[in-house]
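Participant: My structure is below; once you've seen it, I'll send some questions.
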Amino acid sequence: MNDKERFLASLKLKKVDRVSAACPLQTATVEMMEETGAVWPEAHRDPEKMAALALAANRLAGIESVRVPFDLCVEAETVGSQVSEGRLDSQPSIRRPAFRKVEAFEDAVCPDPLSDGRMATVVEAVRILAEADETVPIIAGITGPFTLAGQARGVETLLMDFFDRMDFVKSLLKYSTNVLKTYGKALVDNGADAVVIIDPSAGSELLGTAHYREMAFPYCKELVKSLDVPSILHICGDSKPILRMMAETGVNGISLDHLVDVNEAREVLGDRTTIIGNINPADTLFLGTPEKVKEESLECIRKGVNVLSPGCGIPTRASLKNIKAMVEAARESASK
């Protein structure tokens, strides 16, 4: 099986020759930037550089997928939030939400992902990658509806809105869902083989299970239903309290943070959902040795992950040697 066949079969819970080593979360490192000349922050806004840096994860480190973009601010910036550019080793971040004042939302429009802002940049990067290699899966990352709403309003402000502006909150969530559905379609139409939804603000530590079911779950489910390719959901932190609901969104795979025990997740999810993860990105992939990376990778495989991957985005200062050790562990699993 080639990398794309193995990964997509894994997401559909079909028989594979071995564990896939595809990474649905951020994959760029400083070493990759230095090797390719495609560096942050320029690679966030240039589709050719974005594609080159994404492809470097496969060509230089052996990761069995390519993934764009490299940050979580694309949609929020496109709808009007002001963003800090970040640096060589740090991602862009929200500086000023678009709808900090409720009145600003009255003029909100759904952007065209083929022509507006950095959405158009990512769509073009996907198209370039689709033409570069048909054997490696292209994973497109989008934010979850609740996270986008928080980025466009301000997370703390959005939570306060629960008490006295619930109609506004639901209108904002409906808007963010529609923005993401339109964007997701454009990514798929231009060559994305899978879509990963990253919804960190919807974590159970922040929302709790009841608010997750009411304010995040239905909108994520609607987004998943609109996608014509396999989908993955990643929520940072200890997602065990909401794992069952995450699966009920209809996603094919769940990407686990390293804080979640794979055995416990399997008890909740059974065999109905692909489990992806969940190597410790900081302590192991960044600070550890290749031997430590391989040891933890093999433990993840032993516990039953379908796709071996870090539990969050790859740290930008992680070494190529450590990333290669993770991939080697997946390839060695074929003989075990």
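The way I read the labels, and the way they are meant: chains A, B, ... in the order of the structure tokens, residue 1 as the first residue of every chain, and ligand 1 as the first ligand shown, with later ones counted on from there.
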Please return, as a ChimeraX atom specification, all residues of stretch 85-271 of chain A that DSSP assigns to alpha helix (DSSP H) on the basis of the backbone.
Facilitator: /A:117-132,145-153,155-164,166-189,204-211,217-226,243-248,262-269
Participant: Restrict the calculation to only C-alpha atoms, then for each residue of stretch 7-101 of chain A with any atom at most 10 Å from an atom of stretch 242-261 of chain A give the closest atom pair and their distance in Å to one decimal, rows by chain and rising residue number, as a Markdown table.
Facilitator:
| residue | atom | partner | partner_atom | distance |
| --- | --- | --- | --- | --- |
| A:Leu8 | CA | A:Asn252 | CA | 9.8 |
| A:Ser10 | CA | A:Gly253 | CA | 8.9 |
| A:Leu11 | CA | A:Asn252 | CA | 5.6 |
| A:Lys12 | CA | A:Asn252 | CA | 6.6 |
| A:Leu13 | CA | A:Asn252 | CA | 8.5 |
| A:Cys23 | CA | A:Ser255 | CA | 9.5 |
| A:Pro24 | CA | A:Ser255 | CA | 8.0 |
| A:Leu25 | CA | A:Ser255 | CA | 8.8 |
Participant: Please return, as an NGL selection string, all residues of stretch 48-129 of chain A that DSSP assigns to strand (DSSP E) on the basis of the backbone.
Facilitator: :A and (66-68 or 82-84 or 93-96)
Participant: With C-alpha atoms kept, could you save the residues just selected as an mmCIF file, in the first residue's frame?
Facilitator:
data_model
loop_
_atom_site.group_PDB
_atom_site.id
_atom_site.type_symbol
_atom_site.label_atom_id
_atom_site.label_comp_id
_atom_site.auth_asym_id
_atom_site.auth_seq_id
_atom_site.Cartn_x
_atom_site.Cartn_y
_atom_site.Cartn_z
ATOM 1 C CA VAL A 66 1.311 16.497 3.939
ATOM 2 C CA ARG A 67 -0.681 18.989 5.948
ATOM 3 C CA VAL A 68 -1.583 22.661 5.548
ATOM 4 C CA GLN A 82 -6.328 41.125 13.392
ATOM 5 C CA VAL A 83 -3.461 38.663 13.666
ATOM 6 C CA SER A 84 0.109 38.841 14.911
ATOM 7 C CA SER A 93 -2.001 34.479 16.979
ATOM 8 C CA ILE A 94 -5.176 36.537 17.298
ATOM 9 C CA ARG A 95 -4.451 40.128 18.313
ATOM 10 C CA ARG A 96 -7.889 41.723 17.987
#
Participant: Rank nothing, just name the residue among A:Ser226, A:Asn280, A:Ser90, A:Thr78 nearest to A:Arg317, using only C-alpha atoms.
Facilitator: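 Once distances to A:Arg317 are computed over only C-alpha atoms, the minimum belongs to A:Ser90.
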Participant: At a cut-off of 10 Å, using only C-alpha atoms, what residues contact A:Ile279? Leave out same-chain residues fewer than 3 positions from it and give the result as an MDAnalysis selection string.
Facilitator: chainID A and resid 256:259 276 282:285 293:294 296:300 308:312 314 326
Participant: Save the residues we just selected, N, CA, C and O atoms, as a PDB file, in the first residue's frame?
Facilitator:
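Listed below is the output, part_5.pdb:
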ATOM      1  N   LEU A 256      -5.999  12.151  19.474  1.00  0.00           N
ATOM      2  CA  LEU A 256      -5.932  12.270  20.928  1.00  0.00           C
ATOM      3  C   LEU A 256      -4.733  13.094  21.370  1.00  0.00           C
ATOM      4  O   LEU A 256      -3.612  12.879  20.918  1.00  0.00           O
ATOM      5  N   ASP A 257      -4.972  14.015  22.292  1.00  0.00           N
ATOM      6  CA  ASP A 257      -3.899  14.703  22.995  1.00  0.00           C
ATOM      7  C   ASP A 257      -3.117  13.662  23.796  1.00  0.00           C
ATOM      8  O   ASP A 257      -3.662  12.621  24.178  1.00  0.00           O
ATOM      9  N   HIS A 258      -1.857  13.947  24.086  1.00  0.00           N
ATOM     10  CA  HIS A 258      -1.050  12.970  24.823  1.00  0.00           C
ATOM     11  C   HIS A 258      -1.551  12.760  26.256  1.00  0.00           C
ATOM     12  O   HIS A 258      -1.165  11.800  26.911  1.00  0.00           O
ATOM     13  N   LEU A 259      -2.421  13.654  26.734  1.00  0.00           N
ATOM     14  CA  LEU A 259      -2.969  13.509  28.083  1.00  0.00           C
ATOM     15  C   LEU A 259      -4.014  12.399  28.181  1.00  0.00           C
ATOM     16  O   LEU A 259      -4.396  12.004  29.278  1.00  0.00           O
ATOM     17  N   ILE A 276      -6.074   8.236  16.562  1.00  0.00           N
ATOM     18  CA  ILE A 276      -4.849   8.826  16.044  1.00  0.00           C
ATOM     19  C   ILE A 276      -4.058   9.430  17.205  1.00  0.00           C
ATOM     20  O   ILE A 276      -4.616  10.141  18.036  1.00  0.00           O
ATOM     21  N   ALA A 282       6.037  17.600  23.426  1.00  0.00           N
ATOM     22  CA  ALA A 282       7.081  18.403  24.068  1.00  0.00           C
ATOM     23  C   ALA A 282       8.135  17.533  24.736  1.00  0.00           C
ATOM     24  O   ALA A 282       9.317  17.573  24.386  1.00  0.00           O
ATOM     25  N   ASP A 283       7.713  16.708  25.700  1.00  0.00           N
ATOM     26  CA  ASP A 283       8.677  15.937  26.488  1.00  0.00           C
ATOM     27  C   ASP A 283       9.386  14.868  25.673  1.00  0.00           C
ATOM     28  O   ASP A 283      10.545  14.534  25.939  1.00  0.00           O
ATOM     29  N   THR A 284       8.701  14.313  24.698  1.00  0.00           N
ATOM     30  CA  THR A 284       9.289  13.209  23.923  1.00  0.00           C
ATOM     31  C   THR A 284       9.808  13.668  22.574  1.00  0.00           C
ATOM     32  O   THR A 284      10.989  13.518  22.256  1.00  0.00           O
ATOM     33  N   LEU A 285       8.944  14.238  21.746  1.00  0.00           N
ATOM     34  CA  LEU A 285       9.351  14.560  20.373  1.00  0.00           C
ATOM     35  C   LEU A 285      10.339  15.715  20.325  1.00  0.00           C
ATOM     36  O   LEU A 285      11.255  15.726  19.499  1.00  0.00           O
ATOM     37  N   VAL A 293      11.736   8.452  21.593  1.00  0.00           N
ATOM     38  CA  VAL A 293      10.628   8.615  20.643  1.00  0.00           C
ATOM     39  C   VAL A 293      10.158   7.258  20.135  1.00  0.00           C
ATOM     40  O   VAL A 293       8.954   6.969  20.098  1.00  0.00           O
ATOM     41  N   LYS A 294      11.106   6.416  19.755  1.00  0.00           N
ATOM     42  CA  LYS A 294      10.733   5.102  19.234  1.00  0.00           C
ATOM     43  C   LYS A 294      10.048   4.264  20.306  1.00  0.00           C
ATOM     44  O   LYS A 294       9.049   3.574  20.039  1.00  0.00           O
ATOM     45  N   GLU A 296       8.251   5.291  22.902  1.00  0.00           N
ATOM     46  CA  GLU A 296       6.878   5.758  23.138  1.00  0.00           C
ATOM     47  C   GLU A 296       5.994   5.474  21.923  1.00  0.00           C
ATOM     48  O   GLU A 296       4.804   5.162  22.065  1.00  0.00           O
ATOM     49  N   SER A 297       6.566   5.567  20.737  1.00  0.00           N
ATOM     50  CA  SER A 297       5.804   5.275  19.522  1.00  0.00           C
ATOM     51  C   SER A 297       5.339   3.824  19.513  1.00  0.00           C
ATOM     52  O   SER A 297       4.169   3.532  19.214  1.00  0.00           O
ATOM     53  N   LEU A 298       6.228   2.923  19.841  1.00  0.00           N
ATOM     54  CA  LEU A 298       5.875   1.502  19.873  1.00  0.00           C
ATOM     55  C   LEU A 298       4.836   1.212  20.945  1.00  0.00           C
ATOM     56  O   LEU A 298       3.975   0.341  20.769  1.00  0.00           O
ATOM     57  N   GLU A 299       4.892   1.968  22.049  1.00  0.00           N
ATOM     58  CA  GLU A 299       3.878   1.796  23.093  1.00  0.00           C
ATOM     59  C   GLU A 299       2.512   2.253  22.590  1.00  0.00           C
ATOM     60  O   GLU A 299       1.488   1.612  22.872  1.00  0.00           O
ATOM     61  N   CYS A 300       2.472   3.344  21.857  1.00  0.00           N
ATOM     62  CA  CYS A 300       1.204   3.802  21.274  1.00  0.00           C
ATOM     63  C   CYS A 300       0.641   2.755  20.319  1.00  0.00           C
ATOM     64  O   CYS A 300      -0.563   2.487  20.310  1.00  0.00           O
ATOM     65  N   LEU A 308      -0.259   6.519  13.854  1.00  0.00           N
ATOM     66  CA  LEU A 308       0.725   7.002  14.820  1.00  0.00           C
ATOM     67  C   LEU A 308       1.054   8.453  14.511  1.00  0.00           C
ATOM     68  O   LEU A 308       1.434   8.795  13.395  1.00  0.00           O
ATOM     69  N   SER A 309       0.917   9.306  15.532  1.00  0.00           N
ATOM     70  CA  SER A 309       1.089  10.736  15.330  1.00  0.00           C
ATOM     71  C   SER A 309       1.356  11.408  16.673  1.00  0.00           C
ATOM     72  O   SER A 309       1.033  10.839  17.723  1.00  0.00           O
ATOM     73  N   PRO A 310       1.915  12.604  16.684  1.00  0.00           N
ATOM     74  CA  PRO A 310       2.019  13.345  17.946  1.00  0.00           C
ATOM     75  C   PRO A 310       0.642  13.702  18.496  1.00  0.00           C
ATOM     76  O   PRO A 310      -0.338  13.784  17.752  1.00  0.00           O
ATOM     77  N   GLY A 311       0.582  13.932  19.817  1.00  0.00           N
ATOM     78  CA  GLY A 311      -0.683  14.289  20.453  1.00  0.00           C
ATOM     79  C   GLY A 311      -1.073  15.734  20.245  1.00  0.00           C
ATOM     80  O   GLY A 311      -2.145  16.159  20.683  1.00  0.00           O
ATOM     81  N   CYS A 312      -0.223  16.514  19.599  1.00  0.00           N
ATOM     82  CA  CYS A 312      -0.527  17.896  19.221  1.00  0.00           C
ATOM     83  C   CYS A 312       0.399  18.230  18.052  1.00  0.00           C
ATOM     84  O   CYS A 312       1.084  17.342  17.536  1.00  0.00           O
ATOM     85  N   ILE A 314       3.561  19.270  15.870  1.00  0.00           N
ATOM     86  CA  ILE A 314       4.983  19.027  16.080  1.00  0.00           C
ATOM     87  C   ILE A 314       5.662  20.331  16.486  1.00  0.00           C
ATOM     88  O   ILE A 314       5.510  21.355  15.811  1.00  0.00           O
ATOM     89  N   MET A 326       9.941   8.291  14.964  1.00  0.00           N
ATOM     90  CA  MET A 326       8.515   7.989  15.053  1.00  0.00           C
ATOM     91  C   MET A 326       8.058   7.221  13.810  1.00  0.00           C
ATOM     92  O   MET A 326       7.362   6.198  13.914  1.00  0.00           O
TER      93      MET A 326
END
Participant: Using only C-alpha atoms, determine which residues lie at most 6 Å from stretch 107-123 of chain A, disregarding the query and same-chain residues fewer than 4 positions distant; provide the list as a VMD selection string.
Facilitator: chain A and resid 47 74 78 179 183 187
Participant: How many Å separate atom CA of A:Gly154 from atom CA of A:Ala125?
Facilitator: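 It comes out at 28.5 Å.
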Participant: Find the distance between atom CA of A:Glu332 and atom CA of A:Asn58 and write it in Å to one decimal.
Facilitator: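 For atom CA of A:Glu332 relative to atom CA of A:Asn58, the distance reads 17.6 Å.
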Participant: Find the residues near A:Arg100: any atom within 9 Å, counting only C-alpha atoms, skip ones fewer than 5 places away on the same chain, and give them as a short mmCIF file (atom, residue, chain, number, x, y, z; two decimals) with N, CA and C atoms, in the first residue's frame.
Facilitator:
data_model
loop_
_atom_site.label_atom_id
_atom_site.label_comp_id
_atom_site.auth_asym_id
_atom_site.auth_seq_id
_atom_site.Cartn_x
_atom_site.Cartn_y
_atom_site.Cartn_z
N PHE A 105 -20.73 42.57 14.02
CA PHE A 105 -21.24 41.33 13.44
C PHE A 105 -22.37 41.58 12.46
N ALA A 152 -13.22 35.05 16.68
CA ALA A 152 -13.84 36.21 16.06
C ALA A 152 -14.48 37.15 17.08
N ARG A 153 -14.79 36.63 18.26
CA ARG A 153 -15.46 37.42 19.29
C ARG A 153 -14.54 37.69 20.49
N GLY A 154 -13.58 36.77 20.72
CA GLY A 154 -12.82 36.75 21.96
C GLY A 154 -13.40 35.65 22.82
N THR A 157 -15.04 36.75 26.14
CA THR A 157 -16.25 37.52 25.86
C THR A 157 -17.37 36.60 25.39
#
Participant: Would you pick out the contacts of A:Leu148 at 10 Å or less, using only C-alpha atoms, so that residues sharing its chain but fewer than 2 positions from it are not included, and give the list as a ChimeraX atom specification?
Facilitator: /A:72-77,79,142-146,150-155,172-173,175-177,179-180,198-201
Participant: Work out how far atom CA of A:Lys240 is from atom CA of A:Glu156, in Å to one decimal.
Facilitator: 23.4 Å
Participant: Measuring between only C-alpha atoms, which one of A:Asp3, A:Glu103, A:Glu295, A:Asp71 shows the shortest distance to A:Ala140?
Facilitator: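 For A:Ala140, the nearest of the candidates is A:Asp71.
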